[in-house]
Structure formats: C-alpha cells, structure tokens
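Engineer: Structure file data_29.txt (compact mmCIF, C-alpha atoms) right here:
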```txt
# COMPACT_ATOMS: atom_id res chain seq x y z
CA MET A 1 -28.41 8.65 -16.18
CA GLY A 2 -27.01 7.74 -19.60
CA ARG A 3 -28.05 8.80 -23.07
CA GLY A 4 -31.83 8.58 -23.24
CA ILE A 5 -33.67 6.07 -25.40
CA TYR A 6 -35.85 7.34 -28.23
CA VAL A 7 -38.07 5.19 -30.46
CA GLU A 8 -40.72 6.25 -32.99
CA ALA A 9 -43.10 4.22 -35.15
CA ARG A 10 -45.78 5.35 -37.60
CA VAL A 11 -49.12 3.63 -37.04
CA ALA A 12 -52.05 3.82 -39.47
CA ALA A 13 -54.69 2.59 -37.00
CA PRO A 14 -57.26 4.99 -35.49
CA MET A 15 -56.23 6.85 -32.36
CA ASP A 16 -58.80 5.04 -30.21
CA ARG A 17 -57.35 1.64 -31.08
CA LEU A 18 -53.77 2.78 -30.51
CA TRP A 19 -54.70 4.38 -27.20
CA HIS A 20 -56.44 1.24 -25.96
CA ALA A 21 -53.63 -1.08 -27.09
CA THR A 22 -51.09 1.00 -25.19
CA GLN A 23 -53.11 2.05 -22.14
CA ASP A 24 -54.93 -1.17 -21.23
CA PRO A 25 -52.56 -3.18 -18.97
CA ASP A 26 -53.23 -6.60 -20.52
CA ALA A 27 -53.06 -5.29 -24.09
CA HIS A 28 -49.85 -3.39 -23.36
CA ALA A 29 -48.11 -6.39 -21.80
CA SER A 30 -49.09 -8.55 -24.77
CA TRP A 31 -46.90 -6.66 -27.28
CA ASP A 32 -44.19 -4.96 -25.21
CA LEU A 33 -41.12 -7.11 -24.51
CA ARG A 34 -40.26 -4.87 -21.58
CA PHE A 35 -43.23 -6.18 -19.57
CA SER A 36 -44.57 -9.61 -18.66
CA SER A 37 -47.48 -8.15 -16.71
CA ILE A 38 -48.83 -4.78 -15.59
CA THR A 39 -51.31 -4.38 -12.74
CA HIS A 40 -53.06 -1.17 -11.77
CA LEU A 41 -53.11 -0.36 -8.06
CA PRO A 42 -55.93 1.52 -6.31
CA THR A 43 -55.17 5.21 -6.75
CA PRO A 44 -56.53 8.11 -4.64
CA GLU A 45 -58.46 10.70 -6.62
CA GLY A 46 -56.20 13.40 -8.03
CA GLU A 47 -53.06 11.28 -7.77
CA PRO A 48 -51.10 9.91 -10.75
CA ARG A 49 -52.18 6.38 -11.67
CA ARG A 50 -50.26 3.74 -9.70
CA PHE A 51 -49.19 0.38 -11.11
CA ARG A 52 -46.93 -2.61 -10.60
CA TYR A 53 -44.87 -4.05 -13.46
CA ASP A 54 -43.01 -7.29 -13.98
CA ASN A 55 -40.66 -8.58 -16.67
CA ARG A 56 -38.75 -11.84 -16.42
CA THR A 57 -37.56 -11.94 -20.03
CA VAL A 58 -33.90 -11.67 -19.01
CA PRO A 59 -32.85 -14.74 -16.92
CA PHE A 60 -31.59 -14.03 -13.39
CA SER A 61 -32.29 -10.31 -13.86
CA PRO A 62 -35.98 -9.68 -13.16
CA MET A 63 -37.28 -6.19 -13.90
CA THR A 64 -40.03 -5.77 -11.33
CA GLY A 65 -41.20 -2.68 -9.53
CA VAL A 66 -43.77 0.04 -9.11
CA GLY A 67 -44.57 3.17 -11.08
CA ILE A 68 -46.90 6.12 -11.50
CA SER A 69 -48.25 7.75 -14.65
CA ARG A 70 -50.49 10.51 -15.86
CA GLY A 71 -52.03 10.82 -19.31
CA GLU A 72 -53.91 13.34 -21.44
CA ARG A 73 -56.27 11.68 -23.91
CA HIS A 74 -57.58 14.79 -25.67
CA ARG A 75 -55.23 17.70 -26.27
CA PRO A 76 -56.14 20.85 -28.24
CA ASP A 77 -53.88 19.88 -31.16
CA GLY A 78 -55.45 16.40 -31.45
CA SER A 79 -52.48 14.60 -29.93
CA CYS A 80 -52.30 12.51 -26.76
CA THR A 81 -49.54 12.13 -24.26
CA SER A 82 -48.59 10.34 -21.06
CA ALA A 83 -45.67 10.47 -18.66
CA LEU A 84 -44.36 8.13 -16.00
CA ARG A 85 -41.83 7.53 -13.27
CA PHE A 86 -40.82 4.07 -12.04
CA SER A 87 -38.60 2.31 -9.54
CA ALA A 88 -37.42 -1.31 -9.30
CA ASP A 89 -37.98 -3.39 -6.18
CA SER A 90 -35.29 -5.98 -6.99
CA ARG A 91 -31.55 -5.52 -6.70
CA LEU A 92 -31.18 -7.86 -9.67
CA SER A 93 -33.00 -5.46 -11.98
CA PRO A 94 -30.80 -3.82 -14.65
CA ILE A 95 -33.00 -0.71 -14.32
CA ALA A 96 -32.98 0.87 -10.86
CA SER A 97 -35.31 3.80 -11.60
CA GLY A 98 -36.28 6.10 -14.43
CA ASP A 99 -38.85 8.27 -16.13
CA GLY A 100 -40.23 8.84 -19.61
CA TYR A 101 -43.19 9.64 -21.81
CA TRP A 102 -45.31 8.50 -24.74
CA ARG A 103 -46.64 10.87 -27.41
CA TYR A 104 -49.34 10.17 -29.98
CA VAL A 105 -49.08 12.77 -32.73
CA PRO A 106 -51.52 12.70 -35.72
CA ASP A 107 -49.70 13.18 -39.02
CA GLY A 108 -51.99 12.87 -42.03
CA ALA A 109 -53.36 9.32 -42.28
CA GLU A 110 -50.88 8.05 -39.67
CA ILE A 111 -49.98 8.61 -36.05
CA ARG A 112 -46.43 9.22 -34.90
CA PHE A 113 -46.23 7.03 -31.82
CA LEU A 114 -43.03 7.84 -29.99
CA THR A 115 -41.34 7.41 -26.64
CA GLY A 116 -38.44 9.00 -24.86
CA TYR A 117 -37.14 7.70 -21.55
CA ASP A 118 -34.03 7.36 -19.44
CA TYR A 119 -33.07 5.37 -16.38
CA VAL A 120 -30.47 4.83 -13.67
CA PRO A 121 -28.57 1.56 -14.26
CA GLY A 122 -28.96 -1.26 -11.75
CA TRP A 123 -26.46 -3.98 -10.90
CA GLN A 124 -24.54 -3.72 -14.18
CA GLY A 125 -23.18 -0.23 -13.54
CA PRO A 126 -22.70 2.54 -16.13
CA THR A 127 -20.05 0.90 -18.32
CA LEU A 128 -21.80 -2.41 -18.96
CA ASP A 129 -25.07 -0.54 -19.28
CA ARG A 130 -23.68 1.68 -22.03
CA VAL A 131 -22.16 -1.12 -24.11
CA LEU A 132 -24.73 -3.90 -23.59
CA VAL A 133 -27.87 -3.32 -21.52
CA ARG A 134 -28.98 0.05 -22.88
CA PRO A 135 -28.64 -1.02 -26.55
CA LEU A 136 -30.57 -4.21 -25.73
CA ILE A 137 -33.39 -2.33 -24.01
CA GLY A 138 -33.51 0.15 -26.89
CA TRP A 139 -33.77 -2.75 -29.34
CA MET A 140 -36.53 -4.37 -27.25
CA THR A 141 -38.48 -1.12 -27.33
CA ALA A 142 -38.15 -0.67 -31.10
CA TRP A 143 -38.97 -4.32 -31.87
CA SER A 144 -42.03 -4.04 -29.63
CA PHE A 145 -43.21 -0.86 -31.35
CA ASP A 146 -43.04 -2.59 -34.73
CA ARG A 147 -44.85 -5.58 -33.25
CA LEU A 148 -47.60 -3.22 -32.09
CA ARG A 149 -47.78 -1.65 -35.57
CA LEU A 150 -48.21 -5.05 -37.21
CA TRP A 151 -50.98 -5.89 -34.75
CA LEU A 152 -52.96 -2.70 -35.30
CA ASP A 153 -52.31 -2.13 -39.00
CA HIS A 154 -52.23 -5.71 -40.28
CA GLY A 155 -54.19 -7.70 -37.69
CA ILE A 156 -51.22 -9.89 -36.68
CA PRO A 157 -51.61 -10.85 -33.00
CA PRO A 158 -48.53 -10.18 -30.83
CA ALA A 159 -48.18 -13.90 -30.02
CA THR A 160 -48.06 -14.69 -33.74
CA SER A 161 -45.38 -12.05 -34.28
CA LEU A 162 -43.26 -13.65 -31.57
CA ARG A 163 -43.65 -17.13 -33.07
CA ARG A 164 -42.72 -15.84 -36.51
CA THR A 165 -39.63 -14.14 -35.11
CA VAL A 166 -38.49 -17.27 -33.27
CA THR A 167 -39.11 -19.42 -36.36
CA LEU A 168 -37.26 -16.99 -38.61
CA TRP A 169 -34.19 -16.86 -36.36
CA ALA A 170 -34.21 -20.62 -35.89
CA ALA A 171 -34.10 -20.95 -39.68
CA ARG A 172 -31.32 -18.35 -39.95
CA LEU A 173 -29.17 -20.14 -37.37
CA ALA A 174 -29.87 -23.56 -38.90
CA LEU A 175 -28.80 -22.34 -42.36
CA THR A 176 -25.69 -20.73 -40.90
CA ALA A 177 -24.75 -23.92 -39.04
CA ALA A 178 -25.39 -26.04 -42.14
CA ALA A 179 -23.21 -23.79 -44.29
CA LEU A 180 -20.32 -23.87 -41.82
CA ALA A 181 -20.64 -27.63 -41.30
CA ALA A 182 -20.41 -28.18 -45.06
CA VAL A 183 -16.85 -26.82 -45.21
CA PRO A 184 -15.03 -29.74 -43.51
CA LEU A 185 -17.14 -32.15 -45.59
CA LEU A 186 -15.80 -30.45 -48.74
CA LEU A 187 -19.34 -29.65 -49.89
CA LEU A 188 -18.72 -25.90 -49.91
CA SER A 189 -15.66 -23.71 -50.08
CA PRO A 190 -14.98 -21.50 -47.03
CA ALA A 191 -15.79 -18.38 -49.05
CA VAL A 192 -19.16 -19.71 -50.23
CA ALA A 193 -20.03 -20.97 -46.75
CA ALA A 194 -19.15 -17.60 -45.21
CA ALA A 195 -21.28 -15.82 -47.82
CA LEU A 196 -24.28 -18.07 -47.15
CA ALA A 197 -23.90 -17.63 -43.39
CA LEU A 198 -23.70 -13.85 -43.77
CA VAL A 199 -26.80 -13.73 -45.96
CA ALA A 200 -28.72 -15.95 -43.54
CA LEU A 201 -27.94 -13.63 -40.64
CA VAL A 202 -28.32 -10.18 -42.19
CA VAL A 203 -31.08 -10.50 -44.80
CA PRO A 204 -33.98 -8.24 -43.68
CA SER A 205 -36.97 -9.82 -41.99
CA PRO A 206 -40.14 -10.28 -44.09
CA VAL A 207 -42.55 -7.35 -43.99
CA LEU A 208 -44.96 -9.16 -41.67
CA VAL A 209 -42.33 -10.04 -39.06
CA PRO A 210 -41.36 -7.39 -36.47
CA ARG A 211 -38.10 -5.59 -37.08
CA ALA A 212 -36.57 -2.98 -34.78
CA ARG A 213 -34.86 -1.16 -37.65
CA ARG A 214 -38.21 -0.08 -39.07
CA CYS A 215 -38.50 2.37 -36.19
CA LEU A 216 -36.68 5.66 -35.79
CA ARG A 217 -34.07 5.55 -33.04
CA ARG A 218 -33.40 9.29 -33.07
CA PRO A 219 -35.76 12.26 -33.38
CA PRO A 220 -36.45 13.32 -36.99
CA ALA A 221 -34.13 15.99 -38.37
CA GLY A 222 -35.16 19.45 -37.30
CA THR A 223 -37.17 18.28 -34.28
CA ARG A 224 -36.28 18.28 -30.62
CA PRO A 225 -38.38 16.14 -28.27
CA THR A 226 -39.56 17.82 -25.10
CA THR A 227 -40.75 16.30 -21.85
CA PRO A 228 -44.55 16.64 -21.44
CA LYS A 229 -45.70 19.26 -18.96
CA ILE A 230 -47.73 16.60 -17.14
CA ALA A 231 -44.42 14.96 -16.17
CA ARG A 232 -44.23 17.35 -13.22
CA ASP A 233 -47.28 15.58 -11.76
CA VAL A 234 -45.39 12.27 -11.55
CA ASP A 235 -42.75 13.38 -9.08
CA GLU A 236 -40.63 11.36 -6.69
CA ALA A 237 -42.93 12.01 -3.73
CA ALA A 238 -45.89 10.49 -5.58
CA LEU A 239 -43.73 7.51 -6.52
CA ASP A 240 -42.75 7.02 -2.88
CA ARG A 241 -46.43 6.90 -1.91
CA ALA A 242 -47.11 4.32 -4.60
CA ARG A 243 -44.13 2.25 -3.48
CA GLY A 244 -45.35 2.27 0.11
CA GLN A 245 -48.83 1.23 -0.98
CA ALA A 246 -47.45 -1.65 -3.06
CA GLN A 247 -45.44 -2.89 -0.09
CA ASP A 248 -48.50 -2.73 2.16
CA LEU A 249 -50.61 -4.67 -0.33
CA THR A 250 -47.91 -7.30 -0.73
CA SER A 251 -47.68 -7.84 3.02
CA GLU A 252 -51.47 -8.03 3.38
CA SER A 253 -52.23 -10.38 0.50
CA PRO A 254 -50.37 -11.97 -2.44
CA ALA A 255 -53.37 -11.54 -4.73
CA PRO A 256 -53.03 -8.79 -7.39
CA VAL A 257 -55.37 -5.83 -7.32
CA SER A 258 -56.83 -4.82 -10.69
CA PRO A 259 -59.37 -1.95 -10.60
CA PRO A 260 -61.09 -0.72 -13.79
CA VAL A 261 -58.75 0.56 -16.50
CA PRO A 262 -58.41 4.37 -16.38
CA GLN A 263 -57.62 6.82 -19.15
CA GLU A 264 -53.94 6.99 -18.40
CA HIS A 265 -51.12 4.48 -18.32
CA ILE A 266 -47.44 4.26 -19.02
CA PRO A 267 -44.97 4.86 -21.82
```
Please rewrite the model in this file as structure tokens.

Structural biologist:
Amino acid sequence: MGRGIYVEARVAAPMDRLWHATQDPDAHASWDLRFSSITHLPTPEGEPRRFRYDNRTVPFSPMTGVGISRGERHRPDGSCTSALRFSADSRLSPIASGDGYWRYVPDGAEIRFLTGYDYVPGWQGPTLDRVLVRPLIGWMTAWSFDRLRLWLDHGIPPATSLRRTVTLWAARLALTAAALAAVPLLLLSPAVAAALALVALVVPSPVLVPRARRCLRRPPAGTRPTTPKIARDVDEAALDRARGQAQDLTSESPAPVSPPVPQEHIP
C-alpha cells in the first residue's frame, strides 16, 4: 500500500445527526463522492456488517465491490468509531482492496470527524496511483467531508452543494476563457488577462460551497492516529465470506437486498 489518506473535519451538529448521516446507506451515498450507492447485505449474527458499494463517478473506471464493517456507537469517552475492509469486484477499479476507519471525537461544542484509510492500487499501478489517483481520491474525501459539514451545520442539502460547485467552476472557467480570448482582440494586455485568469481559478470558494482545503489532510500536531481495536474483527476471512455471499446473491437475483439499517457502517 502507499501513504495512507487522512482527512478531518469539525462538525457542530449533534452526534446523533452525524452518526445517522454517515451510517445510513442512502444518507452516506448522498454526500460522499466516493460512493454512488451503498446496499447492506444480510449479515449473520455476530459477524461484521456486510455491504455492497458502487461508484461510477470516474468514467471507464467503476469502483464497485463488497465490504465489511463494525462500529461502536457508545464508547466510554463519549466518542464513536467504526472500521472496515473492502475489495473491488472489477478489474477496472483504481482501488483493488483496502481498509480504514472513521472516528467521531467530541471536542467542546464540535465533533472531530476523521478518517484514515489505505488501499492497494488497481489497474493504474503504484506510480500513477501516487501522482494522480491517490491525490484525487484524497481530494474527493476532503471535499465530501466539507459537503457533509455544510449539510449538517448549515442545512445545505448535498445535491445543492454539488450544483453550487458545478456552477462556481463553470463561472471560473468562463471568466478564464473570456480573459484569454480578449488578448488577440486587443481588449486586454496579456499580463492583465493572465492575472484575471489566475484570480478566477484560485480565489477561494464562498463559505457555503464545499471546499476540500477546509479539512485537515494530516493529523494535528502532537497527535498520532491509531487503528481502532475493532478493526481486528473485520479480517480478510470475514471479507471472503461477504464476497462469496454477494456473488451468490448476484447469481440468484439481480434485485438489491436492503435489510434494516444497523448501528454500524463504513468509513
């Protein structure tokens, strides 16, 4: 595996709301760019929760597969945590397999909502993963965390956040193109046009539009993230059982299986 991905956001919403928004499959898929859909699979009692995931955000490189997770809603220190392991079922996926965790740590009037995870690269191999895919997935995670924060703290639905982002970047690119097109028409000097284009591209997003840079991308100084103890319950053998079950269900029927939402889900 490569250098792990770390993202942290501070959320002011109550713990119950944050837990639901991140543990309910439909709610989770609504704000997280890494997933188009998440479906719980029937899980034997005592086993880590099984699920299928799907993400077709990246053209010609679908991230689909199966995973397992275990969560702790009420810990003695008031925090919550969950851990997962996952494996792709498509050779076109840029993520072959991986594992990670979510932590929910109360800190005054806010909650430190953080994730740490790592994965084995898929078709792109380690070099392209390091220079392109891993930074992109890290950005997707951070942007999604800020999108979640805006939803819970400011009541901005995830779909609205996406529309605002698309509109903002369309305006940035239009202004950049207009500035550069004005040079051959002698309406602007090259220096002025370059300055306008630079401003259009780098000016920070408005406060109510998601921005990945609002999230921490490294652990705070003086802290060292640790893997949750419950991660040992989501081992490779349990993942193999979930993978076999998913294959059996797929061969029996194309219809998704969605049992009631449990208390644990995925980071």

Engineer: From the list A:Arg70, A:Ala83, A:Thr141, A:Met63, which residue is nearest Trp123 of chain A when using only C-alpha atoms?

Structural biologist: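 Smallest separation from Trp123 of chain A among the options: A:Met63.
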
Engineer: Can you work out which one of A:Asp77, A:Asp54, A:Asp248, A:Glu72 has the shortest atom-to-atom distance to Ala231 of chain A, counting all atoms listed in the file?

Structural biologist: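 Nearest to Ala231 of chain A: A:Glu72.
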
Engineer: Write out as a list in words which residues come within 6 Å of segment 36-44 of chain A when counting only C-alpha atoms, dropping same-chain ones fewer than 4 positions away.

Structural biologist: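 Once the nearby chain positions are removed, what remains is Pro25, Ala29, Arg49, Arg50, Phe51, Arg52, Tyr53, Asp54, Asn55, Val257 and Ser258 of chain A.
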
Engineer: Deliver the residues from the most recent selection as a file, using C-alpha atoms, as a PDB file, in the frame of the given file.

Structural biologist:
```pdb
ATOM      1  CA  PRO A  25     -52.560  -3.180 -18.970  1.00  0.00           C
ATOM      2  CA  ALA A  29     -48.110  -6.390 -21.800  1.00  0.00           C
ATOM      3  CA  ARG A  49     -52.180   6.380 -11.670  1.00  0.00           C
ATOM      4  CA  ARG A  50     -50.260   3.740  -9.700  1.00  0.00           C
ATOM      5  CA  PHE A  51     -49.190   0.380 -11.110  1.00  0.00           C
ATOM      6  CA  ARG A  52     -46.930  -2.610 -10.600  1.00  0.00           C
ATOM      7  CA  TYR A  53     -44.870  -4.050 -13.460  1.00  0.00           C
ATOM      8  CA  ASP A  54     -43.010  -7.290 -13.980  1.00  0.00           C
ATOM      9  CA  ASN A  55     -40.660  -8.580 -16.670  1.00  0.00           C
ATOM     10  CA  VAL A 257     -55.370  -5.830  -7.320  1.00  0.00           C
ATOM     11  CA  SER A 258     -56.830  -4.820 -10.690  1.00  0.00           C
TER      12      SER A 258
END
```

Engineer: Considering all atoms listed in the file, return as an MDAnalysis selection string whatever protein or nucleic-acid residues lie within 10 Å of Arg112 of chain A, sequence-local ones (same chain, fewer than 5 positions apart) excluded.

Structural biologist: chainID A and resid 8:12 79 103:107

Engineer: Could you jot down the atom CA of Phe145 of chain A to atom CA of Asp240 of chain A separation for me, Å, one decimal place?

Structural biologist: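 Calculated distance between atom CA of Phe145 of chain A and atom CA of Asp240 of chain A is 29.5 Å.
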
Engineer: Report, in Å with one decimal, the straight-line distance from atom CA of Ala181 of chain A to atom CA of Ala193 of chain A.

Structural biologist: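 A separation of 8.6 Å between them.
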
Engineer: Between atom CA of Pro48 of chain A and atom CA of Arg241 of chain A, measure the distance and give it in Å to one decimal.

Structural biologist: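 One can read the atom CA of Pro48 of chain A to atom CA of Arg241 of chain A distance as 10.4 Å.
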
Engineer: So which residues touch Ser161 of chain A within 12 Å, counting all atoms listed in the file, skipping near sequence neighbours fewer than 6 positions away, as a list in words?

Structural biologist: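 Final neighbour list, sorted by chain and number: Ser30, Trp31, Asp32, Leu33, Trp143, Ser144, Phe145, Asp146, Arg147, Leu148, Arg149, Leu150, Trp151, His154, Gly155, Thr167, Leu168, Ser205, Pro206, Val207, Leu208, Val209, Pro210 and Arg211 of chain A.
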
Engineer: Could you pull the residues within 10 Å of segment 217-227 of chain A, counting all atoms listed in the file, minus those fewer than 2 positions along the same chain, as a PyMOL selection string?

Structural biologist: chain A and resi 4-9+82-83+100-103+114-117+138-139+141-142+212-215+229-232

Engineer: Rank nothing, just name the residue among A:Asp16, A:Asp26, A:Asp153, A:Glu236 nearest to Gly78 of chain A, using all atoms listed in the file.

Structural biologist: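 Between A:Asp16, A:Asp26, A:Asp153, A:Glu236, the residue approaching Gly78 of chain A most closely is A:Asp16.
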
Engineer: Could the centre and edge lengths of an axis-aligned box, enclosing all atoms of segment 100-112 of chain A in the file with 5 Å extra on each side, be given in Å to one decimal as JSON?

Structural biologist:
```
{"center_x": -46.8, "center_y": 10.6, "center_z": -30.9, "size_x": 23.1, "size_y": 15.1, "size_z": 32.7}
```

Engineer: With only C-alpha atoms as the atoms that count, which of A:Pro14, A:Gly67, A:Pro157, A:Gly98 lies nearest to Ala238 of chain A?

Structural biologist: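 That would be A:Gly67, the residue with the smallest distance to Ala238 of chain A.
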
Engineer: Which of these, A:Leu196, A:Glu110, A:Thr160, A:Ser69, has the shortest distance to Leu173 of chain A once you count only C-alpha atoms?

Structural biologist: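 Smallest separation from Leu173 of chain A among the options: A:Leu196.
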